[in-house]
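Asks: Supplied structure: model.csv, CSV, N, CA and C atoms.
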chain,number,residue,atom,x,y,z
E,1,MET,N,0.8,-1.2,0.0
E,1,MET,CA,0.0,0.0,0.0
E,1,MET,C,0.9,1.2,0.0
E,2,SER,N,0.6,2.1,-0.9
E,2,SER,CA,1.5,3.3,-1.1
E,2,SER,C,0.7,4.6,-0.8
E,3,GLY,N,1.5,5.5,-0.3
E,3,GLY,CA,0.9,6.9,-0.1
E,3,GLY,C,-0.3,6.9,0.8
E,4,GLY,N,-0.4,6.0,1.8
E,4,GLY,CA,-1.6,6.0,2.6
E,4,GLY,C,-2.8,5.4,2.0
E,5,ASP,N,-2.7,4.8,0.9
E,5,ASP,CA,-3.9,4.2,0.2
E,5,ASP,C,-4.3,3.0,1.0
E,6,VAL,N,-5.5,2.7,1.1
E,6,VAL,CA,-6.0,1.5,1.9
E,6,VAL,C,-5.9,0.3,1.1
E,7,PHE,N,-5.7,0.4,-0.3
E,7,PHE,CA,-5.5,-0.8,-1.1
E,7,PHE,C,-4.1,-0.9,-1.6
E,8,SER,N,-3.8,-2.2,-1.9
E,8,SER,CA,-2.5,-2.4,-2.6
E,8,SER,C,-2.5,-1.8,-4.0
E,9,PRO,N,-1.4,-1.6,-4.6
E,9,PRO,CA,-1.4,-1.0,-5.9
E,9,PRO,C,-2.2,-1.9,-6.9
E,10,GLU,N,-2.1,-3.2,-6.8
E,10,GLU,CA,-2.9,-4.1,-7.7
E,10,GLU,C,-4.4,-4.0,-7.5
E,11,LYS,N,-4.8,-3.9,-6.2
E,11,LYS,CA,-6.2,-3.7,-5.9
E,11,LYS,C,-6.7,-2.4,-6.3
E,12,ARG,N,-5.9,-1.3,-6.1
E,12,ARG,CA,-6.3,0.0,-6.5
E,12,ARG,C,-6.5,0.1,-8.1
E,13,SER,N,-5.6,-0.6,-8.8
E,13,SER,CA,-5.7,-0.7,-10.2
E,13,SER,C,-7.0,-1.4,-10.6
E,14,ALA,N,-7.3,-2.4,-10.0
E,14,ALA,CA,-8.6,-3.1,-10.3
E,14,ALA,C,-9.8,-2.3,-10.0
E,15,VAL,N,-9.8,-1.5,-8.9
E,15,VAL,CA,-10.9,-0.6,-8.5
E,15,VAL,C,-11.0,0.4,-9.6
E,16,MET,N,-9.9,1.0,-10.0
E,16,MET,CA,-10.0,2.1,-11.0
E,16,MET,C,-10.4,1.6,-12.4
E,17,ARG,N,-10.0,0.4,-12.7
E,17,ARG,CA,-10.5,-0.2,-14.0
E,17,ARG,C,-12.0,-0.4,-14.0
E,18,ALA,N,-12.6,-0.6,-12.8
E,18,ALA,CA,-14.0,-0.8,-12.8
E,18,ALA,C,-14.8,0.5,-12.9
E,19,VAL,N,-14.2,1.6,-12.8
E,19,VAL,CA,-14.9,2.9,-13.0
E,19,VAL,C,-15.2,3.1,-14.5
E,20,LYS,N,-16.4,3.3,-14.8
E,20,LYS,CA,-16.8,3.3,-16.2
E,20,LYS,C,-16.6,4.7,-16.8
E,21,SER,N,-16.2,4.8,-18.0
E,21,SER,CA,-16.1,6.1,-18.7
E,21,SER,C,-17.1,6.2,-19.8
E,22,LYS,N,-17.8,5.1,-20.1
E,22,LYS,CA,-18.9,5.1,-21.1
E,22,LYS,C,-20.1,4.5,-20.5
E,23,ASP,N,-21.2,4.9,-21.0
E,23,ASP,CA,-22.5,4.3,-20.6
E,23,ASP,C,-22.8,4.5,-19.1
E,24,THR,N,-22.3,5.6,-18.5
E,24,THR,CA,-22.6,5.9,-17.1
E,24,THR,C,-24.1,6.2,-16.9
E,25,LYS,N,-24.5,6.2,-15.6
E,25,LYS,CA,-25.9,6.5,-15.4
E,25,LYS,C,-26.3,7.9,-15.8
E,26,PRO,N,-25.5,8.9,-15.5
E,26,PRO,CA,-25.8,10.3,-16.0
E,26,PRO,C,-25.9,10.3,-17.6
E,27,GLU,N,-24.9,9.7,-18.2
E,27,GLU,CA,-24.9,9.7,-19.7
E,27,GLU,C,-26.1,9.0,-20.2
E,28,MET,N,-26.5,7.9,-19.7
E,28,MET,CA,-27.6,7.2,-20.2
E,28,MET,C,-28.9,8.0,-20.0
E,29,ALA,N,-29.0,8.7,-18.9
E,29,ALA,CA,-30.2,9.6,-18.7
E,29,ALA,C,-30.3,10.6,-19.7
E,30,VAL,N,-29.2,11.3,-20.1
E,30,VAL,CA,-29.2,12.3,-21.1
E,30,VAL,C,-29.5,11.7,-22.5
E,31,ARG,N,-28.9,10.5,-22.8
E,31,ARG,CA,-29.2,9.8,-24.0
E,31,ARG,C,-30.7,9.5,-24.2
E,32,ARG,N,-31.3,8.9,-23.1
E,32,ARG,CA,-32.7,8.6,-23.1
E,32,ARG,C,-33.6,9.8,-23.4
E,33,MET,N,-33.2,10.9,-22.7
E,33,MET,CA,-34.0,12.1,-22.8
E,33,MET,C,-34.0,12.7,-24.2
E,34,LEU,N,-32.8,12.7,-24.8
E,34,LEU,CA,-32.7,13.2,-26.2
E,34,LEU,C,-33.3,12.3,-27.2
E,35,HIS,N,-33.1,11.0,-27.0
E,35,HIS,CA,-33.7,10.1,-28.0
E,35,HIS,C,-35.2,10.2,-27.9
E,36,ALA,N,-35.8,10.3,-26.7
E,36,ALA,CA,-37.2,10.5,-26.6
E,36,ALA,C,-37.7,11.8,-27.3
E,37,ALA,N,-36.9,12.8,-27.3
E,37,ALA,CA,-37.2,14.0,-27.9
E,37,ALA,C,-37.0,14.0,-29.4
E,38,GLY,N,-36.5,12.9,-30.0
E,38,GLY,CA,-36.4,12.8,-31.4
E,38,GLY,C,-35.0,13.0,-32.0
E,39,TYR,N,-34.0,13.3,-31.1
E,39,TYR,CA,-32.7,13.5,-31.6
E,39,TYR,C,-31.9,12.2,-31.8
E,40,ARG,N,-31.1,12.2,-32.8
E,40,ARG,CA,-30.3,11.0,-33.1
E,40,ARG,C,-28.8,11.5,-33.1
E,41,TYR,N,-28.0,10.6,-32.7
E,41,TYR,CA,-26.6,11.0,-32.4
E,41,TYR,C,-25.7,9.8,-32.5
E,42,ARG,N,-24.4,10.1,-32.6
E,42,ARG,CA,-23.4,9.0,-32.5
E,42,ARG,C,-22.7,9.1,-31.1
E,43,LEU,N,-22.1,8.0,-30.7
E,43,LEU,CA,-21.5,7.9,-29.4
E,43,LEU,C,-20.0,7.9,-29.5
E,44,HIS,N,-19.3,8.6,-28.6
E,44,HIS,CA,-17.9,8.4,-28.3
E,44,HIS,C,-17.0,8.4,-29.6
E,45,ARG,N,-17.2,9.4,-30.4
E,45,ARG,CA,-16.4,9.4,-31.7
E,45,ARG,C,-14.9,9.6,-31.4
E,46,ALA,N,-14.1,8.6,-31.6
E,46,ALA,CA,-12.7,8.7,-31.3
E,46,ALA,C,-11.9,9.7,-32.1
E,47,GLU,N,-12.4,10.1,-33.2
E,47,GLU,CA,-11.6,11.0,-34.1
E,47,GLU,C,-11.8,12.5,-33.5
E,48,LEU,N,-12.7,12.7,-32.6
E,48,LEU,CA,-12.9,14.0,-32.0
E,48,LEU,C,-12.2,14.1,-30.7
E,49,PRO,N,-11.7,15.3,-30.3
E,49,PRO,CA,-10.9,15.5,-29.1
E,49,PRO,C,-11.8,15.1,-27.9
E,50,GLY,N,-11.3,14.3,-27.0
E,50,GLY,CA,-12.0,13.9,-25.8
E,50,GLY,C,-13.1,12.8,-25.9
E,51,LYS,N,-13.2,12.3,-27.1
E,51,LYS,CA,-14.3,11.3,-27.4
E,51,LYS,C,-15.6,11.8,-26.8
E,52,PRO,N,-16.3,12.8,-27.3
E,52,PRO,CA,-17.5,13.3,-26.7
E,52,PRO,C,-18.6,12.2,-26.5
E,53,ASP,N,-19.4,12.3,-25.5
E,53,ASP,CA,-20.4,11.3,-25.2
E,53,ASP,C,-21.5,11.2,-26.3
E,54,LEU,N,-21.9,12.4,-26.8
E,54,LEU,CA,-22.9,12.4,-27.8
E,54,LEU,C,-22.4,13.3,-28.9
E,55,VAL,N,-22.5,12.9,-30.2
E,55,VAL,CA,-22.0,13.7,-31.3
E,55,VAL,C,-23.1,13.9,-32.3
E,56,PHE,N,-23.3,15.1,-32.7
E,56,PHE,CA,-24.3,15.5,-33.7
E,56,PHE,C,-23.4,16.1,-34.9
E,57,ALA,N,-22.9,15.2,-35.7
E,57,ALA,CA,-21.9,15.5,-36.7
E,57,ALA,C,-22.4,16.6,-37.7
E,58,SER,N,-23.7,16.4,-38.2
E,58,SER,CA,-24.2,17.3,-39.2
E,58,SER,C,-24.3,18.7,-38.7
E,59,ARG,N,-24.4,18.9,-37.4
E,59,ARG,CA,-24.5,20.2,-36.7
E,59,ARG,C,-23.2,20.7,-36.2
E,60,LYS,N,-22.2,19.8,-36.3
E,60,LYS,CA,-20.8,20.1,-35.7
E,60,LYS,C,-20.9,20.5,-34.2
E,61,LYS,N,-21.7,19.7,-33.5
E,61,LYS,CA,-21.9,19.9,-32.1
E,61,LYS,C,-21.7,18.6,-31.3
E,62,ALA,N,-21.3,18.7,-30.1
E,62,ALA,CA,-21.1,17.6,-29.2
E,62,ALA,C,-21.4,17.9,-27.8
E,63,ILE,N,-21.8,16.8,-27.1
E,63,ILE,CA,-22.2,17.0,-25.7
E,63,ILE,C,-21.3,16.1,-24.9
E,64,PHE,N,-20.7,16.6,-23.8
E,64,PHE,CA,-20.0,15.9,-22.8
E,64,PHE,C,-20.8,15.8,-21.6
E,65,VAL,N,-21.0,14.6,-21.0
E,65,VAL,CA,-21.7,14.4,-19.7
E,65,VAL,C,-20.6,14.2,-18.7
E,66,HIS,N,-20.4,15.1,-17.8
E,66,HIS,CA,-19.3,15.0,-16.8
E,66,HIS,C,-19.8,14.7,-15.5
E,67,GLY,N,-19.1,13.7,-14.8
E,67,GLY,CA,-19.3,13.4,-13.4
E,67,GLY,C,-18.7,14.5,-12.6
E,68,CYS,N,-19.5,15.0,-11.6
E,68,CYS,CA,-19.0,16.2,-10.9
E,68,CYS,C,-17.8,15.9,-10.1
E,69,PHE,N,-17.7,14.8,-9.5
E,69,PHE,CA,-16.4,14.5,-8.7
E,69,PHE,C,-15.2,14.3,-9.6
E,70,TRP,N,-15.4,13.6,-10.7
E,70,TRP,CA,-14.2,13.2,-11.5
E,70,TRP,C,-13.7,14.4,-12.3
E,71,HIS,N,-14.6,15.4,-12.6
E,71,HIS,CA,-14.1,16.6,-13.4
E,71,HIS,C,-14.1,17.9,-12.6
E,72,GLY,N,-14.1,17.7,-11.2
E,72,GLY,CA,-13.9,18.9,-10.4
E,72,GLY,C,-14.9,20.0,-10.5
E,73,HIS,N,-16.2,19.7,-10.6
E,73,HIS,CA,-17.2,20.7,-10.6
E,73,HIS,C,-17.3,21.4,-9.3
E,74,ASP,N,-17.8,22.6,-9.3
E,74,ASP,CA,-17.9,23.4,-8.1
E,74,ASP,C,-19.2,23.3,-7.4
E,75,CYS,N,-19.8,22.1,-7.5
E,75,CYS,CA,-21.1,21.9,-6.7
E,75,CYS,C,-20.7,21.0,-5.5
E,76,PRO,N,-21.7,20.8,-4.6
E,76,PRO,CA,-21.4,20.0,-3.4
E,76,PRO,C,-20.8,18.6,-3.7
E,77,ARG,N,-21.3,18.0,-4.7
E,77,ARG,CA,-20.9,16.6,-5.0
E,77,ARG,C,-19.4,16.7,-5.6
E,78,GLY,N,-19.1,17.7,-6.4
E,78,GLY,CA,-17.8,17.8,-7.0
E,78,GLY,C,-16.8,18.3,-6.0
E,79,ALA,N,-17.2,19.1,-5.0
E,79,ALA,CA,-16.3,19.7,-4.1
E,79,ALA,C,-15.9,18.8,-2.9
E,80,ARG,N,-16.6,17.7,-2.8
E,80,ARG,CA,-16.2,16.8,-1.7
E,80,ARG,C,-14.8,16.2,-1.9
E,81,ALA,N,-14.1,16.2,-0.8
E,81,ALA,CA,-12.7,15.7,-0.9
E,81,ALA,C,-12.6,14.4,-0.2
E,82,PRO,N,-12.0,13.4,-0.8
E,82,PRO,CA,-11.8,12.1,-0.1
E,82,PRO,C,-10.9,12.3,1.1
E,83,LYS,N,-11.2,11.6,2.1
E,83,LYS,CA,-10.5,11.7,3.4
E,83,LYS,C,-9.2,10.9,3.3
E,84,SER,N,-9.2,9.8,2.6
E,84,SER,CA,-7.9,9.0,2.5
E,84,SER,C,-7.3,9.3,1.1
E,85,ASN,N,-6.0,9.3,1.1
E,85,ASN,CA,-5.2,9.5,-0.1
E,85,ASN,C,-5.6,10.8,-0.8
E,86,SER,N,-5.8,11.9,-0.1
E,86,SER,CA,-6.3,13.1,-0.6
E,86,SER,C,-5.3,13.7,-1.6
E,87,ASP,N,-4.0,13.6,-1.4
E,87,ASP,CA,-3.1,14.2,-2.4
E,87,ASP,C,-3.2,13.5,-3.7
E,88,TYR,N,-3.4,12.2,-3.8
E,88,TYR,CA,-3.6,11.5,-5.0
E,88,TYR,C,-4.8,12.0,-5.7
E,89,TRP,N,-5.9,12.1,-5.0
E,89,TRP,CA,-7.2,12.5,-5.6
E,89,TRP,C,-7.1,13.9,-6.1
E,90,LYS,N,-6.5,14.8,-5.4
E,90,LYS,CA,-6.4,16.2,-5.8
E,90,LYS,C,-5.6,16.3,-7.1
E,91,ALA,N,-4.5,15.5,-7.2
E,91,ALA,CA,-3.7,15.5,-8.4
E,91,ALA,C,-4.5,14.9,-9.6
E,92,LYS,N,-5.2,13.8,-9.3
E,92,LYS,CA,-6.0,13.1,-10.4
E,92,LYS,C,-7.0,14.0,-10.9
E,93,ILE,N,-7.8,14.6,-10.1
E,93,ILE,CA,-8.9,15.5,-10.5
E,93,ILE,C,-8.3,16.7,-11.2
E,94,GLY,N,-7.2,17.3,-10.7
E,94,GLY,CA,-6.5,18.4,-11.4
E,94,GLY,C,-6.1,18.0,-12.8
E,95,ARG,N,-5.6,16.8,-13.0
E,95,ARG,CA,-5.2,16.4,-14.4
E,95,ARG,C,-6.4,16.3,-15.2
E,96,ASN,N,-7.5,15.8,-14.7
E,96,ASN,CA,-8.8,15.7,-15.5
E,96,ASN,C,-9.2,17.1,-15.9
E,97,VAL,N,-9.2,18.1,-15.0
E,97,VAL,CA,-9.6,19.4,-15.3
E,97,VAL,C,-8.7,20.0,-16.4
E,98,GLU,N,-7.4,19.8,-16.3
E,98,GLU,CA,-6.5,20.3,-17.3
E,98,GLU,C,-6.8,19.6,-18.7
E,99,ARG,N,-7.1,18.3,-18.7
E,99,ARG,CA,-7.4,17.6,-19.9
E,99,ARG,C,-8.7,18.2,-20.5
E,100,ASP,N,-9.7,18.5,-19.7
E,100,ASP,CA,-10.9,19.1,-20.2
E,100,ASP,C,-10.7,20.4,-20.8
E,101,GLU,N,-9.7,21.2,-20.3
E,101,GLU,CA,-9.4,22.5,-20.9
E,101,GLU,C,-8.7,22.3,-22.2
E,102,ARG,N,-7.8,21.3,-22.3
E,102,ARG,CA,-7.2,21.1,-23.6
E,102,ARG,C,-8.2,20.6,-24.7
E,103,VAL,N,-9.1,19.8,-24.3
E,103,VAL,CA,-10.2,19.3,-25.2
E,103,VAL,C,-11.1,20.5,-25.6
E,104,ALA,N,-11.4,21.4,-24.7
E,104,ALA,CA,-12.2,22.5,-25.1
E,104,ALA,C,-11.5,23.4,-26.1
E,105,ALA,N,-10.2,23.6,-25.9
E,105,ALA,CA,-9.4,24.4,-26.9
E,105,ALA,C,-9.3,23.7,-28.3
E,106,ALA,N,-9.2,22.4,-28.2
E,106,ALA,CA,-9.1,21.6,-29.5
E,106,ALA,C,-10.5,21.7,-30.2
E,107,PHE,N,-11.6,21.6,-29.5
E,107,PHE,CA,-12.9,21.7,-30.1
E,107,PHE,C,-13.0,23.1,-30.8
E,108,ASP,N,-12.6,24.1,-30.1
E,108,ASP,CA,-12.7,25.5,-30.6
E,108,ASP,C,-12.0,25.6,-31.9
E,109,SER,N,-10.8,25.0,-31.9
E,109,SER,CA,-9.9,25.1,-33.1
E,109,SER,C,-10.5,24.4,-34.3
E,110,LEU,N,-11.3,23.4,-34.1
E,110,LEU,CA,-12.0,22.6,-35.1
E,110,LEU,C,-13.2,23.3,-35.7
E,111,GLY,N,-13.7,24.3,-34.9
E,111,GLY,CA,-14.9,25.0,-35.3
E,111,GLY,C,-16.2,24.3,-34.9
E,112,TRP,N,-16.0,23.3,-33.9
E,112,TRP,CA,-17.2,22.6,-33.4
E,112,TRP,C,-17.7,23.4,-32.1
E,113,LYS,N,-18.9,23.2,-31.8
E,113,LYS,CA,-19.5,23.7,-30.5
E,113,LYS,C,-19.7,22.5,-29.6
E,114,ARG,N,-19.5,22.8,-28.3
E,114,ARG,CA,-19.6,21.7,-27.3
E,114,ARG,C,-20.5,22.2,-26.2
E,115,LEU,N,-21.1,21.3,-25.5
E,115,LEU,CA,-21.9,21.6,-24.3
E,115,LEU,C,-21.5,20.6,-23.3
E,116,VAL,N,-21.3,21.1,-22.1
E,116,VAL,CA,-21.0,20.2,-20.9
E,116,VAL,C,-22.2,20.1,-20.1
E,117,ILE,N,-22.7,18.9,-19.8
E,117,ILE,CA,-23.8,18.7,-18.9
E,117,ILE,C,-23.2,18.0,-17.7
E,118,TRP,N,-23.3,18.7,-16.5
E,118,TRP,CA,-22.8,18.1,-15.3
E,118,TRP,C,-23.8,17.2,-14.7
E,119,GLU,N,-23.3,16.2,-14.0
E,119,GLU,CA,-24.1,15.1,-13.4
E,119,GLU,C,-25.2,15.8,-12.5
E,120,CYS,N,-24.8,16.8,-11.8
E,120,CYS,CA,-25.8,17.4,-10.8
E,120,CYS,C,-26.9,18.2,-11.6
E,121,GLU,N,-26.7,18.5,-12.9
E,121,GLU,CA,-27.7,19.2,-13.6
E,121,GLU,C,-28.8,18.3,-14.2
E,122,ILE,N,-28.6,17.0,-14.2
E,122,ILE,CA,-29.5,16.1,-14.9
E,122,ILE,C,-30.9,16.1,-14.4
E,123,PRO,N,-31.1,16.2,-13.1
E,123,PRO,CA,-32.5,16.2,-12.7
E,123,PRO,C,-33.2,17.6,-12.9
E,124,ALA,N,-32.5,18.6,-13.4
E,124,ALA,CA,-33.1,19.9,-13.6
E,124,ALA,C,-34.2,19.8,-14.6
E,125,PRO,N,-35.4,20.5,-14.3
E,125,PRO,CA,-36.5,20.4,-15.2
E,125,PRO,C,-36.3,21.1,-16.5
E,126,ASN,N,-35.4,22.0,-16.6
E,126,ASN,CA,-35.2,22.7,-17.9
E,126,ASN,C,-34.0,22.2,-18.7
E,127,LEU,N,-33.5,21.0,-18.4
E,127,LEU,CA,-32.3,20.5,-19.1
E,127,LEU,C,-32.6,20.3,-20.5
E,128,LEU,N,-33.8,19.7,-20.9
E,128,LEU,CA,-34.1,19.4,-22.2
E,128,LEU,C,-34.2,20.7,-23.1
E,129,GLU,N,-34.8,21.8,-22.5
E,129,GLU,CA,-34.9,23.0,-23.2
E,129,GLU,C,-33.5,23.6,-23.4
E,130,ARG,N,-32.6,23.5,-22.4
E,130,ARG,CA,-31.2,24.0,-22.6
E,130,ARG,C,-30.5,23.2,-23.7
E,131,VAL,N,-30.6,21.9,-23.7
E,131,VAL,CA,-30.0,21.1,-24.8
E,131,VAL,C,-30.6,21.4,-26.1
E,132,GLN,N,-31.9,21.5,-26.2
E,132,GLN,CA,-32.5,21.9,-27.5
E,132,GLN,C,-32.0,23.2,-28.0
E,133,SER,N,-31.9,24.2,-27.1
E,133,SER,CA,-31.4,25.5,-27.5
E,133,SER,C,-30.0,25.4,-28.1
E,134,PHE,N,-29.2,24.6,-27.4
E,134,PHE,CA,-27.8,24.4,-27.9
E,134,PHE,C,-27.8,23.8,-29.3
E,135,LEU,N,-28.6,22.8,-29.5
E,135,LEU,CA,-28.6,22.0,-30.7
E,135,LEU,C,-29.2,22.8,-31.9
E,136,GLU,N,-30.2,23.6,-31.6
E,136,GLU,CA,-30.9,24.3,-32.6
E,136,GLU,C,-30.3,25.7,-33.0
E,137,GLN,N,-29.5,26.2,-32.2
E,137,GLN,CA,-28.9,27.5,-32.5
E,137,GLN,C,-27.9,27.4,-33.6
E,138,GLY,N,-27.7,28.4,-34.4
E,138,GLY,CA,-26.8,28.3,-35.6
E,138,GLY,C,-25.4,28.2,-35.2
Can you present the structure in this file as structure tokens?

Replies:
Amino acid sequence: MSGGDVFSPEKRSAVMRAVKSKDTKPEMAVRRMLHAAGYRYRLHRAELPGKPDLVFASRKKAIFVHGCFWHGHDCPRGARAPKSNSDYWKAKIGRNVERDERVAAAFDSLGWKRLVIWECEIPAPNLLERVQSFLEQG
């Protein structure tokens, strides 16, 4: 066990492998909502920076569904700090935030528009209108 971690490096690796990056509950909720509203999209296009969760290629738009904890959102869920191995988690989340900034810059340079939906926003009653506005604007 390293750096105060409660797991051995092998066990920590197994735990982290189990964390999903695709088809998460928040992503699935957004996909169901948009599909029900009649939108069609592609998933996780590897040729685009950051492999966006939903891609609307004909509109040159993409949606990223971010977990608040993993991407360092400033909401209560994203702001909670793990009590054990806190230095590791601060660095990990910091790297995720930096990567998100690089992806945003790459999207801008391609001329694509992107929308980030945070996990904490998914129960919001106006989420569909917000996404529709994003998708329908020029």

Asks: Considering all atoms listed in the file, give me a table of residues in segment 59-124 of chain E that are at most 7 Å from segment 47-50 of chain E, with the closest atom pair and distance in Å for each, as JSON lines.

Replies:
{"residue": "E:Val103", "atom": "CA", "partner": "E:Pro49", "partner_atom": "C", "distance": 5.2}
{"residue": "E:Ala106", "atom": "C", "partner": "E:Pro49", "partner_atom": "CA", "distance": 6.3}
{"residue": "E:Phe107", "atom": "N", "partner": "E:Pro49", "partner_atom": "CA", "distance": 6.2}

Asks: Can you check which residues of segment 32-115 of chain E DSSP gives as alpha helix (DSSP H) on the backbone and send them as number ranges by chain?

Replies: E: 32-36, 76-79, 86-110

Asks: With N, CA and C atoms retained, write the just-selected residues as a JSON list (two decimals), keeping the file's coordinate frame.

Replies:
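Generated file (part.json):
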[["chain", "number", "residue", "atom", "x", "y", "z"],
["E", 32, "ARG", "N", -31.30, 8.90, -23.10],
["E", 32, "ARG", "CA", -32.70, 8.60, -23.10],
["E", 32, "ARG", "C", -33.60, 9.80, -23.40],
["E", 33, "MET", "N", -33.20, 10.90, -22.70],
["E", 33, "MET", "CA", -34.00, 12.10, -22.80],
["E", 33, "MET", "C", -34.00, 12.70, -24.20],
["E", 34, "LEU", "N", -32.80, 12.70, -24.80],
["E", 34, "LEU", "CA", -32.70, 13.20, -26.20],
["E", 34, "LEU", "C", -33.30, 12.30, -27.20],
["E", 35, "HIS", "N", -33.10, 11.00, -27.00],
["E", 35, "HIS", "CA", -33.70, 10.10, -28.00],
["E", 35, "HIS", "C", -35.20, 10.20, -27.90],
["E", 36, "ALA", "N", -35.80, 10.30, -26.70],
["E", 36, "ALA", "CA", -37.20, 10.50, -26.60],
["E", 36, "ALA", "C", -37.70, 11.80, -27.30],
["E", 76, "PRO", "N", -21.70, 20.80, -4.60],
["E", 76, "PRO", "CA", -21.40, 20.00, -3.40],
["E", 76, "PRO", "C", -20.80, 18.60, -3.70],
["E", 77, "ARG", "N", -21.30, 18.00, -4.70],
["E", 77, "ARG", "CA", -20.90, 16.60, -5.00],
["E", 77, "ARG", "C", -19.40, 16.70, -5.60],
["E", 78, "GLY", "N", -19.10, 17.70, -6.40],
["E", 78, "GLY", "CA", -17.80, 17.80, -7.00],
["E", 78, "GLY", "C", -16.80, 18.30, -6.00],
["E", 79, "ALA", "N", -17.20, 19.10, -5.00],
["E", 79, "ALA", "CA", -16.30, 19.70, -4.10],
["E", 79, "ALA", "C", -15.90, 18.80, -2.90],
["E", 86, "SER", "N", -5.80, 11.90, -0.10],
["E", 86, "SER", "CA", -6.30, 13.10, -0.60],
["E", 86, "SER", "C", -5.30, 13.70, -1.60],
["E", 87, "ASP", "N", -4.00, 13.60, -1.40],
["E", 87, "ASP", "CA", -3.10, 14.20, -2.40],
["E", 87, "ASP", "C", -3.20, 13.50, -3.70],
["E", 88, "TYR", "N", -3.40, 12.20, -3.80],
["E", 88, "TYR", "CA", -3.60, 11.50, -5.00],
["E", 88, "TYR", "C", -4.80, 12.00, -5.70],
["E", 89, "TRP", "N", -5.90, 12.10, -5.00],
["E", 89, "TRP", "CA", -7.20, 12.50, -5.60],
["E", 89, "TRP", "C", -7.10, 13.90, -6.10],
["E", 90, "LYS", "N", -6.50, 14.80, -5.40],
["E", 90, "LYS", "CA", -6.40, 16.20, -5.80],
["E", 90, "LYS", "C", -5.60, 16.30, -7.10],
["E", 91, "ALA", "N", -4.50, 15.50, -7.20],
["E", 91, "ALA", "CA", -3.70, 15.50, -8.40],
["E", 91, "ALA", "C", -4.50, 14.90, -9.60],
["E", 92, "LYS", "N", -5.20, 13.80, -9.30],
["E", 92, "LYS", "CA", -6.00, 13.10, -10.40],
["E", 92, "LYS", "C", -7.00, 14.00, -10.90],
["E", 93, "ILE", "N", -7.80, 14.60, -10.10],
["E", 93, "ILE", "CA", -8.90, 15.50, -10.50],
["E", 93, "ILE", "C", -8.30, 16.70, -11.20],
["E", 94, "GLY", "N", -7.20, 17.30, -10.70],
["E", 94, "GLY", "CA", -6.50, 18.40, -11.40],
["E", 94, "GLY", "C", -6.10, 18.00, -12.80],
["E", 95, "ARG", "N", -5.60, 16.80, -13.00],
["E", 95, "ARG", "CA", -5.20, 16.40, -14.40],
["E", 95, "ARG", "C", -6.40, 16.30, -15.20],
["E", 96, "ASN", "N", -7.50, 15.80, -14.70],
["E", 96, "ASN", "CA", -8.80, 15.70, -15.50],
["E", 96, "ASN", "C", -9.20, 17.10, -15.90],
["E", 97, "VAL", "N", -9.20, 18.10, -15.00],
["E", 97, "VAL", "CA", -9.60, 19.40, -15.30],
["E", 97, "VAL", "C", -8.70, 20.00, -16.40],
["E", 98, "GLU", "N", -7.40, 19.80, -16.30],
["E", 98, "GLU", "CA", -6.50, 20.30, -17.30],
["E", 98, "GLU", "C", -6.80, 19.60, -18.70],
["E", 99, "ARG", "N", -7.10, 18.30, -18.70],
["E", 99, "ARG", "CA", -7.40, 17.60, -19.90],
["E", 99, "ARG", "C", -8.70, 18.20, -20.50],
["E", 100, "ASP", "N", -9.70, 18.50, -19.70],
["E", 100, "ASP", "CA", -10.90, 19.10, -20.20],
["E", 100, "ASP", "C", -10.70, 20.40, -20.80],
["E", 101, "GLU", "N", -9.70, 21.20, -20.30],
["E", 101, "GLU", "CA", -9.40, 22.50, -20.90],
["E", 101, "GLU", "C", -8.70, 22.30, -22.20],
["E", 102, "ARG", "N", -7.80, 21.30, -22.30],
["E", 102, "ARG", "CA", -7.20, 21.10, -23.60],
["E", 102, "ARG", "C", -8.20, 20.60, -24.70],
["E", 103, "VAL", "N", -9.10, 19.80, -24.30],
["E", 103, "VAL", "CA", -10.20, 19.30, -25.20],
["E", 103, "VAL", "C", -11.10, 20.50, -25.60],
["E", 104, "ALA", "N", -11.40, 21.40, -24.70],
["E", 104, "ALA", "CA", -12.20, 22.50, -25.10],
["E", 104, "ALA", "C", -11.50, 23.40, -26.10],
["E", 105, "ALA", "N", -10.20, 23.60, -25.90],
["E", 105, "ALA", "CA", -9.40, 24.40, -26.90],
["E", 105, "ALA", "C", -9.30, 23.70, -28.30],
["E", 106, "ALA", "N", -9.20, 22.40, -28.20],
["E", 106, "ALA", "CA", -9.10, 21.60, -29.50],
["E", 106, "ALA", "C", -10.50, 21.70, -30.20],
["E", 107, "PHE", "N", -11.60, 21.60, -29.50],
["E", 107, "PHE", "CA", -12.90, 21.70, -30.10],
["E", 107, "PHE", "C", -13.00, 23.10, -30.80],
["E", 108, "ASP", "N", -12.60, 24.10, -30.10],
["E", 108, "ASP", "CA", -12.70, 25.50, -30.60],
["E", 108, "ASP", "C", -12.00, 25.60, -31.90],
["E", 109, "SER", "N", -10.80, 25.00, -31.90],
["E", 109, "SER", "CA", -9.90, 25.10, -33.10],
["E", 109, "SER", "C", -10.50, 24.40, -34.30],
["E", 110, "LEU", "N", -11.30, 23.40, -34.10],
["E", 110, "LEU", "CA", -12.00, 22.60, -35.10],
["E", 110, "LEU", "C", -13.20, 23.30, -35.70]]

Asks: Just to confirm, what's the straight-line distance from atom CA of Gly67 of chain E to atom CA of Glu119 of chain E in Å (one decimal)?

Replies: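 Spanning atom CA of Gly67 of chain E to atom CA of Glu119 of chain E is a straight-line distance of 5.1 Å.
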
Asks: Give me the residues within 12 Å of Lys92 of chain E as a list in words, counting only C-alpha atoms and dropping any in the same chain fewer than 2 places off.

Replies: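 With the cut-off at 12 Å, the set is Met16, Phe69, Trp70, His71, Gly72, Ala81, Pro82, Asn85, Ser86, Asp87, Tyr88, Trp89, Lys90, Gly94, Arg95, Asn96, Val97, Glu98 and Arg99 of chain E.
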
Asks: Work out how far atom CA of Asp108 of chain E is from atom CA of Met33 of chain E, in Å to one decimal.

Replies: 26.3 Å

Asks: One decimal, in Å: what's the spacing between atom N of Ala62 of chain E and atom N of Cys120 of chain E?

Replies: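 Result for atom N of Ala62 of chain E versus atom N of Cys120 of chain E: 18.7 Å, one decimal.
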
Asks: Between E:Glu136, E:Ala46, E:Lys61, E:Asp23, which one has atoms that come closest to Trp112 of chain E, using only N, CA and C atoms?

Replies: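 Under the stated criterion, the closest residue is E:Lys61.
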